[in-house]
>>> print(open('run.cif').read())   # mmCIF, C-alpha atoms and all ligand atoms
data_final
loop_
_atom_site.label_atom_id
_atom_site.label_comp_id
_atom_site.auth_asym_id
_atom_site.auth_seq_id
_atom_site.Cartn_x
_atom_site.Cartn_y
_atom_site.Cartn_z
CA MET A 1 20.36 93.63 -29.38
CA ASN A 2 23.84 94.92 -29.91
CA ASP A 3 25.00 93.64 -33.24
CA SER A 4 26.33 95.52 -36.19
CA THR A 5 25.33 92.89 -38.74
CA MET A 6 21.83 93.50 -39.96
CA PRO A 7 20.09 90.42 -41.34
CA PRO A 8 17.71 90.76 -44.26
CA THR A 9 14.28 91.43 -42.90
CA SER A 10 10.75 90.72 -43.78
CA ALA A 11 8.91 93.92 -44.55
CA SER A 12 5.57 92.24 -44.07
CA ASP A 13 3.22 94.37 -42.06
CA LEU A 14 1.76 92.23 -39.32
CA ALA A 15 -0.29 94.96 -37.72
CA SER A 16 -3.55 93.09 -38.27
CA ASP A 17 -2.13 90.07 -36.47
CA SER A 18 -1.13 91.90 -33.32
CA PRO A 19 -3.50 92.41 -30.42
CA GLU A 20 -1.21 95.09 -29.08
CA GLY A 21 1.35 97.45 -30.42
CA SER A 22 -0.32 97.79 -33.77
CA THR A 23 -1.04 101.49 -33.70
CA ALA A 24 2.46 102.94 -33.67
CA PRO A 25 3.46 104.41 -37.01
CA GLU A 26 6.53 102.97 -38.66
CA ASP A 27 9.58 105.03 -37.89
CA PRO A 28 10.84 106.38 -41.21
CA SER A 29 14.31 107.05 -39.83
CA GLU A 30 17.03 104.84 -41.16
CA PRO A 31 20.28 103.62 -39.59
CA ASN A 32 22.76 106.15 -38.25
CA ASP A 33 20.18 108.41 -36.68
CA GLU A 34 21.78 110.32 -33.85
CA PRO A 35 20.61 110.02 -30.26
CA PRO A 36 19.04 113.08 -28.60
CA PRO A 37 21.26 115.21 -26.32
CA HIS A 38 20.33 113.28 -23.18
CA LEU A 39 21.58 109.95 -24.57
CA LEU A 40 25.09 108.94 -25.64
CA ILE A 41 26.47 106.11 -27.75
CA ASP A 42 29.59 104.89 -25.97
CA LEU A 43 31.82 101.86 -25.63
CA HIS A 44 31.00 99.35 -22.90
CA ASP A 45 33.74 99.53 -20.27
CA ALA A 46 34.29 95.79 -19.96
CA LEU A 47 33.01 94.30 -23.19
CA GLY A 48 34.36 96.87 -25.64
CA GLN A 49 31.13 96.81 -27.63
CA ARG A 50 28.88 99.78 -28.20
CA CYS A 51 26.23 100.65 -25.68
CA LEU A 52 23.80 103.46 -24.91
CA LYS A 53 24.27 105.64 -21.85
CA SER A 54 22.20 108.34 -20.23
CA LEU A 55 23.71 111.77 -19.74
CA VAL A 56 21.03 112.88 -17.29
CA ALA A 57 19.37 111.51 -14.16
CA TYR A 58 16.04 109.66 -14.18
CA GLU A 59 13.67 108.45 -11.51
CA PRO A 60 11.62 105.25 -11.77
CA GLY A 61 8.72 105.77 -14.15
CA ASP A 62 10.40 108.57 -16.10
CA LEU A 63 10.17 108.34 -19.90
CA LEU A 64 13.52 108.40 -21.73
CA CYS A 65 12.28 108.41 -25.31
CA ASP A 66 9.68 107.12 -27.75
CA PHE A 67 10.26 104.20 -30.04
CA ALA A 68 8.50 102.78 -33.08
CA PRO A 69 8.74 99.83 -35.45
CA ARG A 70 11.29 100.31 -38.17
CA ARG A 71 10.59 96.91 -39.69
CA HIS A 72 8.15 94.14 -38.83
CA ALA A 73 8.71 90.39 -38.69
CA ASP A 74 6.67 87.37 -37.68
CA SER A 75 9.61 85.58 -36.05
CA PRO A 76 12.46 86.76 -33.83
CA SER A 77 15.98 87.56 -35.01
CA ARG A 78 19.08 88.94 -33.31
CA MET A 79 17.88 92.46 -34.02
CA THR A 80 14.20 92.28 -33.14
CA VAL A 81 12.16 93.12 -30.07
CA GLN A 82 8.94 91.18 -29.52
CA VAL A 83 5.86 93.40 -29.16
CA ALA A 84 3.07 90.78 -29.34
CA GLU A 85 2.69 87.01 -29.59
CA HIS A 86 3.49 86.87 -33.31
CA HIS A 87 4.87 90.32 -33.88
CA HIS A 88 8.53 91.31 -33.73
CA ILE A 89 10.03 94.65 -34.72
CA GLU A 90 13.35 96.23 -35.45
CA LEU A 91 13.64 99.30 -33.29
CA GLY A 92 13.51 102.86 -34.44
CA PRO A 93 15.38 105.04 -33.74
CA THR A 94 18.23 102.67 -34.45
CA PHE A 95 20.42 103.75 -31.52
CA LEU A 96 17.98 101.92 -29.26
CA GLU A 97 19.42 98.68 -30.67
CA LEU A 98 22.52 99.45 -28.59
CA ILE A 99 20.65 98.89 -25.33
CA ASN A 100 22.16 95.68 -24.01
CA HIS A 101 20.66 93.02 -21.80
CA SER A 102 21.13 92.96 -18.04
CA CYS A 103 19.64 90.64 -15.43
CA ASP A 104 19.38 93.79 -13.28
CA PRO A 105 17.87 96.21 -15.82
CA ASN A 106 17.30 99.94 -15.46
CA VAL A 107 14.93 100.49 -18.39
CA PHE A 108 11.87 98.77 -19.86
CA PHE A 109 10.48 98.85 -23.40
CA ASP A 110 6.80 99.58 -22.81
CA THR A 111 5.25 98.01 -25.91
CA GLN A 112 1.79 99.32 -25.00
CA ARG A 113 2.75 102.99 -24.89
CA TRP A 114 5.80 102.77 -27.20
CA VAL A 115 8.08 104.48 -24.69
CA LEU A 116 11.33 103.57 -22.98
CA VAL A 117 10.72 103.79 -19.21
CA ALA A 118 13.17 104.01 -16.28
CA LEU A 119 12.75 101.10 -13.87
CA ARG A 120 15.02 102.45 -11.14
CA PRO A 121 17.08 105.58 -10.50
CA ILE A 122 19.53 106.26 -13.33
CA ALA A 123 22.54 108.53 -12.84
CA PRO A 124 24.33 110.53 -15.55
CA GLY A 125 26.81 108.18 -17.22
CA ASP A 126 24.90 104.98 -16.45
CA GLU A 127 24.59 102.44 -19.24
CA LEU A 128 20.98 101.68 -20.19
CA CYS A 129 20.11 97.98 -20.01
CA PHE A 130 16.89 96.06 -20.36
CA PHE A 131 15.92 92.53 -19.41
CA TYR A 132 15.53 90.79 -22.78
CA PRO A 133 13.02 88.23 -21.42
CA SER A 134 10.75 91.16 -20.48
CA THR A 135 9.78 91.21 -24.17
CA GLU A 136 11.23 87.98 -25.62
CA TRP A 137 9.43 84.68 -25.13
CA GLN A 138 11.86 82.51 -27.11
CA MET A 139 14.96 84.23 -28.40
CA ALA A 140 16.49 83.52 -31.80
CA SER A 141 20.01 83.87 -30.39
CA PRO A 142 20.39 82.69 -26.79
CA PHE A 143 23.63 83.77 -25.13
CA GLU A 144 25.66 83.49 -21.95
CA CYS A 145 25.08 86.65 -19.93
CA ALA A 146 28.06 88.47 -18.46
CA CYS A 147 26.17 91.35 -16.86
CA GLY A 148 27.97 90.84 -13.57
CA SER A 149 24.85 91.30 -11.47
CA PRO A 150 24.40 89.13 -8.37
CA ARG A 151 21.02 88.34 -9.95
CA CYS A 152 22.62 87.11 -13.20
CA LEU A 153 20.73 84.18 -14.67
CA GLY A 154 23.59 82.93 -16.85
CA ARG A 155 22.21 81.64 -20.15
CA ILE A 156 19.47 83.90 -21.52
CA THR A 157 17.03 82.19 -23.87
CA GLY A 158 13.75 84.02 -23.32
CA ALA A 159 10.97 84.11 -20.72
CA ALA A 160 9.67 80.66 -21.68
CA ARG A 161 12.68 79.00 -20.00
CA ILE A 162 12.91 81.10 -16.84
CA ALA A 163 11.40 79.98 -13.54
CA ARG A 164 8.21 81.83 -12.60
CA PRO A 165 9.51 83.20 -9.26
CA ILE A 166 12.41 84.85 -11.05
CA LEU A 167 10.16 86.35 -13.72
CA ALA A 168 7.89 87.64 -10.96
CA GLU A 169 10.73 89.93 -9.85
CA HIS A 170 10.73 91.68 -13.23
CA ARG A 171 8.39 94.00 -15.08
CA LEU A 172 7.13 92.01 -18.06
CA SER A 173 5.37 93.02 -21.27
CA GLN A 174 1.71 92.14 -21.53
CA HIS A 175 2.29 89.60 -24.31
CA VAL A 176 4.85 87.81 -22.10
CA GLN A 177 2.33 87.77 -19.25
CA ARG A 178 -0.30 86.30 -21.60
CA LEU A 179 2.12 83.64 -22.86
CA LEU A 180 3.03 82.77 -19.27
CA ALA A 181 -0.64 82.42 -18.33
CA ALA A 182 -1.25 80.19 -21.37
CA ALA A 183 1.77 78.02 -20.49
CA GLU A 184 0.57 77.66 -16.91
CA GLU A 185 -2.89 76.65 -18.11
CA ALA A 186 -1.36 74.06 -20.41
CA ASP A 187 0.81 72.74 -17.54
CA ALA A 188 -2.21 72.50 -15.25
CA ALA A 189 -4.25 70.70 -17.91
CA SER A 190 -1.54 68.13 -18.58
CA ALA A 191 -1.00 67.58 -14.85
CA SER A 192 -4.70 66.82 -14.31
CA GLU A 193 -4.93 64.32 -17.17
CA PRO A 194 -4.86 60.73 -15.95
CA GLY A 195 -1.82 58.76 -17.04
CA ILE A 196 -2.38 56.26 -19.81
CA PHE A 197 -2.37 53.29 -17.42
CA ALA A 198 -4.88 54.87 -15.06
CA TRP A 199 -7.60 53.69 -17.41
CA LEU A 200 -6.48 50.07 -17.05
CA VAL A 201 -6.85 49.94 -13.28
CA PRO A 202 -10.11 48.19 -12.39
CA ALA A 203 -12.48 50.29 -10.36
ZN ZN A 301 23.13 88.54 -16.36
#
>>> encode(input="run.cif", output="structure tokens", more="lines below")
Ligand SMILES: [Zn+2]
Amino acid sequence: MNDSTMPPTSASDLASDSPEGSTAPEDPSEPNDEPPPHLLIDLHDALGQRCLKSLVAYEPGDLLCDFAPRRHADSPSRMTVQVAEHHHIELGPTFLELINHSCDPNVFFDTQRWVLVALRPIAPGDELCFFYPSTEWQMASPFECACGSPRCLGRITGAARIARPILAEHRLSQHVQRLLAAAEEADAASASEPGIFAWLVPA
């Protein structure tokens, strides 16, 4: 979600519509809040755009920082993270918006506990990246990924368009897991329906 242009946002509070993630208080901090001493805003080596790096080491499962909704929306935008089926937020603190996508991520936005979690060992100086489809079902702004990982999926559009075996390799938010289950149920139901001409075949 690395973009310096902030679209106008809906300030509607969708807390009552969200089965999860509704209890975090809104983060009152506004843009330009500084990262804590263990995190650093830097320029991406290859892309030249801003990114967020860790200055300390982490092990899988370690918590890097808390986050909270800064604004709520009922549909995705370039700047939002999805936290429930119909609930999208702009991240607070704002420096978390500098965490770019990677197909081989090292952090995860835990939208149940409102914490940023290490997925694998992180060394001082490593850029923090998350797998956008771990929270995003259908993204507002699909893009061609250039993460350079051997696991790179190319065009990133959201979890809805990614094959199940690939998603199974990633940690996914609970709302993405629920949407996947619902999509699989719908697929199974449509597959078991007889075709229209089946009714015309005499018994
Ligand atoms: Zn990639």
>>> closest_atom_pairs(input="run.cif", of="chain A", to="ligand ZN 301 (chain A)", cutoff="12 Å", atoms="only C-alpha atoms and all ligand atoms", output="Markdown table")
| residue | atom | partner | partner_atom | distance |
| --- | --- | --- | --- | --- |
| A:Asn100 | CA | A:ZN301 | ZN | 10.5 |
| A:His101 | CA | A:ZN301 | ZN | 7.5 |
| A:Ser102 | CA | A:ZN301 | ZN | 5.1 |
| A:Cys103 | CA | A:ZN301 | ZN | 4.2 |
| A:Asp104 | CA | A:ZN301 | ZN | 7.1 |
| A:Pro105 | CA | A:ZN301 | ZN | 9.3 |
| A:Cys129 | CA | A:ZN301 | ZN | 10.6 |
| A:Phe130 | CA | A:ZN301 | ZN | 10.6 |
| A:Phe131 | CA | A:ZN301 | ZN | 8.8 |
| A:Tyr132 | CA | A:ZN301 | ZN | 10.2 |
| A:Pro133 | CA | A:ZN301 | ZN | 11.3 |
| A:Phe143 | CA | A:ZN301 | ZN | 10.0 |
| A:Glu144 | CA | A:ZN301 | ZN | 7.9 |
| A:Cys145 | CA | A:ZN301 | ZN | 4.5 |
| A:Ala146 | CA | A:ZN301 | ZN | 5.4 |
| A:Cys147 | CA | A:ZN301 | ZN | 4.2 |
| A:Gly148 | CA | A:ZN301 | ZN | 6.0 |
| A:Ser149 | CA | A:ZN301 | ZN | 5.9 |
| A:Pro150 | CA | A:ZN301 | ZN | 8.1 |
| A:Arg151 | CA | A:ZN301 | ZN | 6.8 |
| A:Cys152 | CA | A:ZN301 | ZN | 3.5 |
| A:Leu153 | CA | A:ZN301 | ZN | 5.3 |
| A:Gly154 | CA | A:ZN301 | ZN | 5.7 |
| A:Arg155 | CA | A:ZN301 | ZN | 7.9 |
| A:Ile156 | CA | A:ZN301 | ZN | 7.8 |
| A:Thr157 | CA | A:ZN301 | ZN | 11.6 |
>>> closest_residue(input="run.cif", among="A:Ser134, A:Ala118, A:Ala188, A:Ala140", to="His170 in chain A", atoms="all atoms listed in the file")
A:Ser134
>>> atom_distance(input="run.cif", atom1="CA of Cys51 in chain A", atom2="CA of Leu98 in chain A")
4.9 Å
>>> residues_around(input="run.cif", residues="range 56-63 of chain A", least_positions_apart="4", cutoff="6 Å", atoms="all atoms listed in the file", output="VMD selection string")
chain A and resid 38 116 to 124
>>> atom_distance(input="run.cif", atom1="CA of Thr135 in chain A", atom2="CA of Ala181 in chain A")
14.8 Å
>>> residues_around(input="run.cif", residues="Leu40 in chain A", least_positions_apart="2", cutoff="12 Å", atoms="all atoms listed in the file", output="PyMOL selection string")
chain A and resi 34-38+42-44+50-56+95-96+98-99+124-128
>>> closest_residue(input="run.cif", among="A:Gln174, A:Phe108, A:Phe67, A:Ala186", to="Ala84 in chain A", atoms="only C-alpha atoms")
A:Gln174
